[in-house]
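S.K.: Sharing a structure with you now.
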Amino acid sequence: MDARLNYFDSVTAGKILKPVMTAGRAVKDSPLPAATQELAALRVSQINGCAVCVDMHTKEAAAAGETAVRLNLVAVWREATVFTEAERAALALAEEGTRVADAAVGVSDEVWANAAKYYDEEQLTALVIMVSFMNMVNRLNIITQQPAGDYQVGQF
């Protein structure tokens, strides 16, 4: 499969995506735990069907020490016993933040309050920005049919 657009060859994409990717790296450096970031990014990408992001976040998480069991169970996290309560709260917020069109309220007060039990304001800020960032990047990749499978850890 070939991508519809090559963002690396586009002057316009370069001007726009360079600062966007810098923002993404800033989230990586936030106080939100790295494992939580990868799990939530993976779940957002699964929901959206972004193959290239599922590829990337699975490999990045595995390289950072995440287990295959946990990575394989992200898609069914509600029924899985391998996630902490804090991670479950982050995954719930990531899901509701991704499925805003499916819910009349967007992110519910209950999901927000549960996440706020485990994460401070800086961590919540990073989580909200990361979920929003992933949704944007997923759409960029889905619209242009970016292929998956060739991502190398640390590539971006």
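Residues in the structure tokens are named by chain (A, B, ... in the order shown) and by number from 1 within that chain; ligands are numbered from 1 in the order shown.
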Per residue of segment 47-120 of chain A within 12 Å of segment 124-130 of chain A, note the shortest atom pair and the distance in Å to one decimal, counting only C-alpha atoms, and order the rows by chain and increasing residue number, as CSV.

M.R.:
```
residue,atom,partner,partner_atom,distance
A:Ala86,CA,A:Leu124,CA,11.5
A:Glu87,CA,A:Leu127,CA,11.2
A:Ala89,CA,A:Leu124,CA,10.9
A:Ala90,CA,A:Leu127,CA,7.5
A:Leu91,CA,A:Leu127,CA,9.9
A:Ala92,CA,A:Leu127,CA,11.4
A:Leu93,CA,A:Val128,CA,8.3
A:Ala94,CA,A:Val128,CA,7.8
A:Glu95,CA,A:Val128,CA,11.2
A:Glu96,CA,A:Val128,CA,10.8
A:Gly97,CA,A:Val128,CA,7.9
A:Thr98,CA,A:Val128,CA,10.3
A:Val107,CA,A:Val128,CA,10.5
A:Trp112,CA,A:Leu124,CA,9.2
A:Ala113,CA,A:Leu124,CA,10.8
A:Asn114,CA,A:Leu124,CA,11.2
A:Ala115,CA,A:Leu124,CA,7.6
A:Ala116,CA,A:Leu124,CA,7.2
A:Lys117,CA,A:Leu124,CA,10.3
A:Tyr118,CA,A:Leu124,CA,9.1
A:Tyr119,CA,A:Leu124,CA,5.9
A:Asp120,CA,A:Leu124,CA,6.1
```

S.K.: I'd like the neighbourhood of Pro147 of chain A as a compact mmCIF listing (two decimals) with N, CA, C and O atoms, in the first residue's frame, where a residue qualifies if any of its atoms comes within 10 Å (using only C-alpha atoms), though same-chain residues fewer than 6 positions away should be ignored.

M.R.:
```txt
# COMPACT_ATOMS: atom_id res chain seq x y z
N MET A 1 0.85 -1.18 0.00
CA MET A 1 0.00 0.00 0.00
C MET A 1 0.89 1.24 0.00
O MET A 1 1.85 1.32 0.75
N ASP A 2 0.56 2.17 -0.83
CA ASP A 2 1.29 3.43 -0.89
C ASP A 2 0.44 4.53 -0.26
O ASP A 2 -0.77 4.59 -0.46
N ALA A 3 1.11 5.42 0.45
CA ALA A 3 0.40 6.55 1.06
C ALA A 3 -0.06 7.51 -0.03
O ALA A 3 0.58 7.65 -1.07
N ARG A 4 -1.16 8.17 0.23
CA ARG A 4 -1.68 9.17 -0.71
C ARG A 4 -0.80 10.41 -0.77
O ARG A 4 -0.69 11.05 -1.80
N CYS A 50 -5.97 3.60 13.31
CA CYS A 50 -4.75 4.15 12.71
C CYS A 50 -3.63 3.10 12.82
O CYS A 50 -2.96 2.98 13.84
N ALA A 51 -3.45 2.36 11.73
CA ALA A 51 -2.50 1.26 11.73
C ALA A 51 -1.07 1.71 12.02
O ALA A 51 -0.35 1.07 12.79
N VAL A 52 -0.65 2.81 11.41
CA VAL A 52 0.73 3.26 11.59
C VAL A 52 0.98 3.67 13.05
O VAL A 52 2.06 3.42 13.60
N CYS A 53 -0.01 4.25 13.71
CA CYS A 53 0.16 4.65 15.11
C CYS A 53 0.09 3.44 16.04
O CYS A 53 0.79 3.38 17.05
N ASP A 55 1.16 0.50 15.20
CA ASP A 55 2.49 -0.07 14.98
C ASP A 55 3.52 0.67 15.83
O ASP A 55 4.29 0.05 16.59
N ASN A 141 -2.91 10.44 9.43
CA ASN A 141 -2.43 9.18 8.86
C ASN A 141 -3.54 8.38 8.17
O ASN A 141 -3.30 7.78 7.12
```

S.K.: By how many Å are atom CA of Val11 of chain A and atom CA of Val27 of chain A apart?

M.R.: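 Going from atom CA of Val11 of chain A over to atom CA of Val27 of chain A covers 24.9 Å.
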
S.K.: Excluding Tyr7 of chain A and residues on its chain fewer than 5 positions from it, collect all residues at most 10 Å away from it, counting only C-alpha atoms, and give them as a PyMOL selection string.

M.R.: chain A and resi 12-14+17+140-141+144+146

S.K.: Would you put the residues from that selection into a file with all heavy atoms, as a JSON list (two decimals), in the first residue's frame?

M.R.:
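The result, stored in result-v2.json:
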```json
[["chain", "number", "residue", "atom", "x", "y", "z"],
["A", 12, "THR", "N", 4.64, 22.37, 2.66],
["A", 12, "THR", "CA", 3.53, 22.79, 3.53],
["A", 12, "THR", "C", 3.47, 21.91, 4.77],
["A", 12, "THR", "O", 3.36, 22.42, 5.89],
["A", 12, "THR", "CB", 2.20, 22.74, 2.76],
["A", 12, "THR", "OG1", 2.28, 23.64, 1.65],
["A", 12, "THR", "CG2", 1.04, 23.13, 3.65],
["A", 13, "ALA", "N", 3.53, 20.60, 4.58],
["A", 13, "ALA", "CA", 3.49, 19.68, 5.73],
["A", 13, "ALA", "C", 4.66, 19.95, 6.67],
["A", 13, "ALA", "O", 4.51, 19.94, 7.88],
["A", 13, "ALA", "CB", 3.50, 18.23, 5.26],
["A", 14, "GLY", "N", 5.84, 20.19, 6.11],
["A", 14, "GLY", "CA", 7.00, 20.48, 6.93],
["A", 14, "GLY", "C", 6.81, 21.69, 7.81],
["A", 14, "GLY", "O", 7.15, 21.69, 9.00],
["A", 17, "LEU", "N", 3.82, 20.53, 10.34],
["A", 17, "LEU", "CA", 4.02, 19.36, 11.19],
["A", 17, "LEU", "C", 5.25, 19.43, 12.08],
["A", 17, "LEU", "O", 5.28, 18.78, 13.12],
["A", 17, "LEU", "CB", 4.03, 18.09, 10.35],
["A", 17, "LEU", "CG", 2.70, 17.78, 9.65],
["A", 17, "LEU", "CD1", 2.82, 16.51, 8.82],
["A", 17, "LEU", "CD2", 1.57, 17.68, 10.65],
["A", 140, "LEU", "N", -4.56, 12.46, 10.40],
["A", 140, "LEU", "CA", -3.59, 12.76, 9.34],
["A", 140, "LEU", "C", -3.15, 11.47, 8.64],
["A", 140, "LEU", "O", -3.03, 11.42, 7.41],
["A", 140, "LEU", "CB", -2.37, 13.48, 9.91],
["A", 140, "LEU", "CG", -2.55, 14.93, 10.33],
["A", 140, "LEU", "CD1", -1.36, 15.39, 11.16],
["A", 140, "LEU", "CD2", -2.72, 15.81, 9.10],
["A", 141, "ASN", "N", -2.91, 10.44, 9.43],
["A", 141, "ASN", "CA", -2.43, 9.18, 8.86],
["A", 141, "ASN", "C", -3.54, 8.38, 8.17],
["A", 141, "ASN", "O", -3.30, 7.78, 7.12],
["A", 141, "ASN", "CB", -1.78, 8.33, 9.95],
["A", 141, "ASN", "CG", -0.47, 8.91, 10.41],
["A", 141, "ASN", "OD1", 0.27, 9.48, 9.62],
["A", 141, "ASN", "ND2", -0.18, 8.79, 11.69],
["A", 144, "THR", "N", -4.64, 9.90, 4.69],
["A", 144, "THR", "CA", -3.64, 9.72, 3.63],
["A", 144, "THR", "C", -3.17, 8.27, 3.51],
["A", 144, "THR", "O", -2.24, 7.99, 2.76],
["A", 144, "THR", "CB", -2.43, 10.64, 3.87],
["A", 144, "THR", "OG1", -1.85, 10.34, 5.14],
["A", 144, "THR", "CG2", -2.84, 12.10, 3.80],
["A", 146, "GLN", "N", -1.47, 6.13, 5.44],
["A", 146, "GLN", "CA", -0.06, 5.85, 5.73],
["A", 146, "GLN", "C", 0.07, 4.37, 6.09],
["A", 146, "GLN", "O", -0.66, 3.86, 6.94],
["A", 146, "GLN", "CB", 0.43, 6.73, 6.88],
["A", 146, "GLN", "CG", 0.40, 8.22, 6.57],
["A", 146, "GLN", "CD", 1.32, 8.62, 5.45],
["A", 146, "GLN", "OE1", 2.45, 8.17, 5.37],
["A", 146, "GLN", "NE2", 0.83, 9.50, 4.58]]
```

S.K.: I'd like the neighbourhood of Arg43 of chain A as a PyMOL selection string, where a residue qualifies if any of its atoms comes within 7 Å (using only C-alpha atoms), though same-chain residues fewer than 3 positions away should be ignored.

M.R.: chain A and resi 39-40+46-47+74-75

S.K.: To one decimal place, how far is atom CA of Val54 of chain A from atom CA of Asn135 of chain A in Å?

M.R.: 12.3 Å

S.K.: Which residue is closest to Leu73 of chain A? Choose from A:Leu42, A:Glu85, A:Gln145, A:Val153 and count only C-alpha atoms.

M.R.: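 The closest residue to Leu73 of chain A is A:Leu42.
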
S.K.: Which residue gives the smallest distance to Ala63 of chain A among A:Glu38, A:Asp9, A:Glu121, A:Glu110, with only C-alpha atoms counted?

M.R.: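 Answer, going by the shortest atom-to-atom distance: A:Glu38.
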
S.K.: Provide the atom CA of Tyr151 of chain A to atom CA of Glu79 of chain A distance in Å, to one decimal place.

M.R.: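 Pair atom CA of Tyr151 of chain A / atom CA of Glu79 of chain A returns 29.2 Å.
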
S.K.: Out of segment 86-121 of chain A, which residues get alpha helix (DSSP H) from DSSP, as a CSV table (one decimal) with all heavy atoms, in the first residue's frame?

M.R.:
```
chain,number,residue,atom,x,y,z
A,86,ALA,N,-5.1,3.5,38.2
A,86,ALA,CA,-4.8,4.7,37.5
A,86,ALA,C,-4.7,4.6,36.0
A,86,ALA,O,-5.2,5.4,35.3
A,86,ALA,CB,-3.4,5.2,38.0
A,87,GLU,N,-4.1,3.5,35.5
A,87,GLU,CA,-4.1,3.3,34.1
A,87,GLU,C,-5.5,3.1,33.5
A,87,GLU,O,-5.8,3.6,32.4
A,87,GLU,CB,-3.3,2.0,33.8
A,87,GLU,CG,-1.8,2.2,34.0
A,87,GLU,CD,-1.0,1.0,34.0
A,87,GLU,OE1,-1.5,-0.1,34.2
A,87,GLU,OE2,0.3,1.1,33.8
A,88,ARG,N,-6.4,2.4,34.2
A,88,ARG,CA,-7.8,2.2,33.8
A,88,ARG,C,-8.5,3.6,33.7
A,88,ARG,O,-9.2,3.8,32.8
A,88,ARG,CB,-8.5,1.3,34.7
A,88,ARG,CG,-7.9,-0.1,34.7
A,88,ARG,CD,-8.4,-1.0,35.9
A,88,ARG,NE,-9.7,-1.5,35.6
A,88,ARG,CZ,-10.1,-2.4,34.7
A,88,ARG,NH1,-9.1,-3.0,34.0
A,88,ARG,NH2,-11.3,-2.7,34.5
A,89,ALA,N,-8.2,4.4,34.6
A,89,ALA,CA,-8.8,5.8,34.6
A,89,ALA,C,-8.3,6.6,33.4
A,89,ALA,O,-9.1,7.2,32.7
A,89,ALA,CB,-8.5,6.5,35.9
A,90,ALA,N,-7.0,6.5,33.1
A,90,ALA,CA,-6.5,7.1,31.9
A,90,ALA,C,-7.1,6.5,30.6
A,90,ALA,O,-7.4,7.3,29.7
A,90,ALA,CB,-5.0,7.0,31.9
A,91,LEU,N,-7.2,5.2,30.6
A,91,LEU,CA,-7.8,4.6,29.4
A,91,LEU,C,-9.2,5.0,29.2
A,91,LEU,O,-9.7,5.3,28.0
A,91,LEU,CB,-7.6,3.1,29.5
A,91,LEU,CG,-6.2,2.6,29.3
A,91,LEU,CD1,-6.1,1.1,29.7
A,91,LEU,CD2,-5.7,2.7,27.9
A,92,ALA,N,-10.0,5.1,30.2
A,92,ALA,CA,-11.4,5.6,30.1
A,92,ALA,C,-11.4,7.0,29.6
A,92,ALA,O,-12.3,7.3,28.7
A,92,ALA,CB,-12.1,5.4,31.5
A,93,LEU,N,-10.6,7.9,30.1
A,93,LEU,CA,-10.6,9.2,29.7
A,93,LEU,C,-10.2,9.3,28.2
A,93,LEU,O,-10.8,10.0,27.4
A,93,LEU,CB,-9.7,10.1,30.6
A,93,LEU,CG,-9.8,11.6,30.3
A,93,LEU,CD1,-9.6,12.3,31.6
A,93,LEU,CD2,-8.8,12.1,29.3
A,94,ALA,N,-9.2,8.5,27.8
A,94,ALA,CA,-8.7,8.5,26.4
A,94,ALA,C,-9.8,8.0,25.5
A,94,ALA,O,-10.0,8.6,24.4
A,94,ALA,CB,-7.5,7.6,26.3
A,95,GLU,N,-10.6,7.0,25.9
A,95,GLU,CA,-11.7,6.5,25.1
A,95,GLU,C,-12.8,7.6,25.0
A,95,GLU,O,-13.2,7.8,23.9
A,95,GLU,CB,-12.3,5.2,25.7
A,95,GLU,CG,-11.5,4.0,25.4
A,95,GLU,CD,-12.2,2.7,25.6
A,95,GLU,OE1,-13.4,2.7,25.9
A,95,GLU,OE2,-11.5,1.7,25.5
A,96,GLU,N,-13.2,8.1,26.1
A,96,GLU,CA,-14.3,9.1,26.0
A,96,GLU,C,-13.8,10.4,25.2
A,96,GLU,O,-14.6,11.0,24.5
A,96,GLU,CB,-14.8,9.5,27.4
A,96,GLU,CG,-15.7,8.4,27.9
A,96,GLU,CD,-16.6,8.8,29.1
A,96,GLU,OE1,-16.6,10.0,29.5
A,96,GLU,OE2,-17.3,7.9,29.6
A,97,GLY,N,-12.5,10.7,25.4
A,97,GLY,CA,-12.0,11.9,24.7
A,97,GLY,C,-11.9,11.6,23.2
A,97,GLY,O,-11.9,12.6,22.4
A,98,THR,N,-11.8,10.4,22.8
A,98,THR,CA,-11.7,10.0,21.4
A,98,THR,C,-13.1,9.9,20.8
A,98,THR,O,-13.3,10.2,19.6
A,98,THR,CB,-10.9,8.7,21.2
A,98,THR,OG1,-9.6,8.9,21.7
A,98,THR,CG2,-10.9,8.2,19.8
A,109,ASP,N,-18.4,13.6,33.7
A,109,ASP,CA,-17.9,14.0,35.0
A,109,ASP,C,-17.4,12.9,35.8
A,109,ASP,O,-16.4,13.0,36.5
A,109,ASP,CB,-19.0,14.7,35.8
A,109,ASP,CG,-19.4,16.1,35.2
A,109,ASP,OD1,-18.6,16.7,34.4
A,109,ASP,OD2,-20.5,16.6,35.5
A,110,GLU,N,-18.0,11.7,35.7
A,110,GLU,CA,-17.5,10.5,36.4
A,110,GLU,C,-16.2,10.1,35.9
A,110,GLU,O,-15.3,9.8,36.8
A,110,GLU,CB,-18.5,9.4,36.2
A,110,GLU,CG,-18.2,8.1,36.9
A,110,GLU,CD,-19.1,7.0,36.6
A,110,GLU,OE1,-20.2,7.2,35.9
A,110,GLU,OE2,-18.8,5.8,37.0
A,111,VAL,N,-15.9,10.0,34.6
A,111,VAL,CA,-14.6,9.6,34.1
A,111,VAL,C,-13.6,10.6,34.5
A,111,VAL,O,-12.5,10.3,34.9
A,111,VAL,CB,-14.7,9.4,32.6
A,111,VAL,CG1,-13.3,9.3,31.9
A,111,VAL,CG2,-15.5,8.1,32.3
A,112,TRP,N,-13.9,11.9,34.4
A,112,TRP,CA,-13.0,13.0,34.7
A,112,TRP,C,-12.6,12.9,36.2
A,112,TRP,O,-11.4,12.9,36.6
A,112,TRP,CB,-13.5,14.4,34.4
A,112,TRP,CG,-12.5,15.4,34.7
A,112,TRP,CD1,-12.5,16.2,35.9
A,112,TRP,CD2,-11.4,15.8,33.9
A,112,TRP,NE1,-11.4,17.0,35.8
A,112,TRP,CE2,-10.7,16.8,34.6
A,112,TRP,CE3,-11.0,15.4,32.7
A,112,TRP,CZ2,-9.6,17.4,34.1
A,112,TRP,CZ3,-9.8,16.0,32.2
A,112,TRP,CH2,-9.2,17.0,32.9
A,113,ALA,N,-13.6,12.8,37.1
A,113,ALA,CA,-13.3,12.7,38.5
A,113,ALA,C,-12.5,11.5,38.9
A,113,ALA,O,-11.6,11.6,39.7
A,113,ALA,CB,-14.7,12.7,39.3
A,114,ASN,N,-12.7,10.4,38.2
A,114,ASN,CA,-11.9,9.2,38.5
A,114,ASN,C,-10.5,9.4,38.1
A,114,ASN,O,-9.5,9.0,38.8
A,114,ASN,CB,-12.5,8.0,37.8
A,114,ASN,CG,-11.9,6.7,38.3
A,114,ASN,OD1,-11.6,6.5,39.4
A,114,ASN,ND2,-11.6,5.8,37.3
A,115,ALA,N,-10.2,10.0,36.9
A,115,ALA,CA,-8.9,10.3,36.5
A,115,ALA,C,-8.2,11.3,37.4
A,115,ALA,O,-7.0,11.1,37.8
A,115,ALA,CB,-8.9,10.8,35.0
A,116,ALA,N,-9.0,12.2,37.9
A,116,ALA,CA,-8.4,13.2,38.8
A,116,ALA,C,-8.0,12.6,40.2
A,116,ALA,O,-7.2,13.2,40.9
A,116,ALA,CB,-9.4,14.4,39.0
A,117,LYS,N,-8.5,11.5,40.5
A,117,LYS,CA,-8.1,10.8,41.7
A,117,LYS,C,-6.7,10.3,41.6
A,117,LYS,O,-6.0,10.1,42.6
A,117,LYS,CB,-9.0,9.6,42.0
A,117,LYS,CG,-10.4,9.9,42.5
A,117,LYS,CD,-11.2,8.8,43.0
A,117,LYS,CE,-11.0,7.5,42.3
A,117,LYS,NZ,-12.0,6.4,42.7
A,118,TYR,N,-6.2,10.0,40.4
A,118,TYR,CA,-4.9,9.4,40.2
A,118,TYR,C,-3.8,10.3,39.7
A,118,TYR,O,-2.6,10.0,39.8
A,118,TYR,CB,-5.1,8.1,39.3
A,118,TYR,CG,-6.0,7.1,39.9
A,118,TYR,CD1,-7.3,7.0,39.5
A,118,TYR,CD2,-5.6,6.3,41.0
A,118,TYR,CE1,-8.1,6.1,40.0
A,118,TYR,CE2,-6.4,5.4,41.5
A,118,TYR,CZ,-7.7,5.3,41.0
A,118,TYR,OH,-8.6,4.3,41.6
A,121,GLU,N,-2.9,17.9,38.3
A,121,GLU,CA,-3.3,18.8,37.3
A,121,GLU,C,-2.4,18.8,36.1
A,121,GLU,O,-2.8,18.8,34.9
A,121,GLU,CB,-3.5,20.2,37.8
A,121,GLU,CG,-4.2,21.1,36.8
A,121,GLU,CD,-4.8,22.4,37.4
A,121,GLU,OE1,-5.4,22.4,38.4
A,121,GLU,OE2,-4.5,23.4,36.7
```

S.K.: Can you tell me, as JSON, numbers by chain, what residues are no more than 10 Å from Arg70 of chain A when counting only C-alpha atoms, ignoring any on the same chain fewer than 3 positions away?

M.R.: {"A": [39, 61, 62, 66, 67, 73, 74, 75, 76, 77, 80, 81, 82, 83]}

S.K.: Can you write out the residues you just picked, keeping N, CA, C and O atoms, as a short mmCIF file (atom, residue, chain, number, x, y, z; two decimals), in the first residue's frame?

M.R.:
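Okay, out-v8.cif is ready:
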```cif
data_model
loop_
_atom_site.label_atom_id
_atom_site.label_comp_id
_atom_site.auth_asym_id
_atom_site.auth_seq_id
_atom_site.Cartn_x
_atom_site.Cartn_y
_atom_site.Cartn_z
N LEU A 39 0.13 3.47 26.64
CA LEU A 39 -1.10 2.69 26.67
C LEU A 39 -2.28 3.51 26.15
O LEU A 39 -3.08 3.02 25.34
N ALA A 61 6.26 1.09 23.19
CA ALA A 61 5.94 0.58 24.53
C ALA A 61 6.73 -0.68 24.84
O ALA A 61 7.26 -0.84 25.95
N ALA A 62 6.85 -1.59 23.88
CA ALA A 62 7.61 -2.82 24.09
C ALA A 62 9.08 -2.50 24.35
O ALA A 62 9.70 -3.08 25.25
N GLU A 66 7.29 -2.55 28.25
CA GLU A 66 5.90 -2.98 28.40
C GLU A 66 5.79 -4.44 27.97
O GLU A 66 6.44 -4.86 27.00
N THR A 67 4.97 -5.22 28.66
CA THR A 67 4.84 -6.64 28.34
C THR A 67 3.88 -6.87 27.18
O THR A 67 2.95 -6.09 26.95
N LEU A 73 -3.74 -6.71 25.57
CA LEU A 73 -5.01 -6.54 26.27
C LEU A 73 -5.52 -5.10 26.32
O LEU A 73 -6.60 -4.85 26.85
N VAL A 74 -4.79 -4.16 25.76
CA VAL A 74 -5.24 -2.77 25.75
C VAL A 74 -6.61 -2.64 25.11
O VAL A 74 -7.48 -1.91 25.59
N ALA A 75 -6.84 -3.37 24.02
CA ALA A 75 -8.13 -3.27 23.30
C ALA A 75 -9.31 -3.73 24.16
O ALA A 75 -10.44 -3.32 23.91
N VAL A 76 -9.03 -4.54 25.16
CA VAL A 76 -10.10 -5.06 26.03
C VAL A 76 -9.79 -4.77 27.50
O VAL A 76 -10.03 -5.59 28.39
N TRP A 77 -9.28 -3.60 27.75
CA TRP A 77 -8.77 -3.24 29.07
C TRP A 77 -9.80 -3.37 30.19
O TRP A 77 -9.44 -3.66 31.32
N ALA A 80 -9.63 -6.86 31.45
CA ALA A 80 -8.28 -7.33 31.78
C ALA A 80 -7.90 -6.95 33.20
O ALA A 80 -8.25 -5.87 33.68
N THR A 81 -7.15 -7.81 33.84
CA THR A 81 -6.74 -7.58 35.23
C THR A 81 -5.31 -7.05 35.35
O THR A 81 -4.81 -6.91 36.46
N VAL A 82 -4.68 -6.74 34.23
CA VAL A 82 -3.26 -6.39 34.24
C VAL A 82 -2.98 -4.90 34.32
O VAL A 82 -1.81 -4.49 34.31
N PHE A 83 -4.02 -4.07 34.40
CA PHE A 83 -3.84 -2.62 34.45
C PHE A 83 -4.16 -2.09 35.84
O PHE A 83 -5.07 -2.57 36.51
#
```
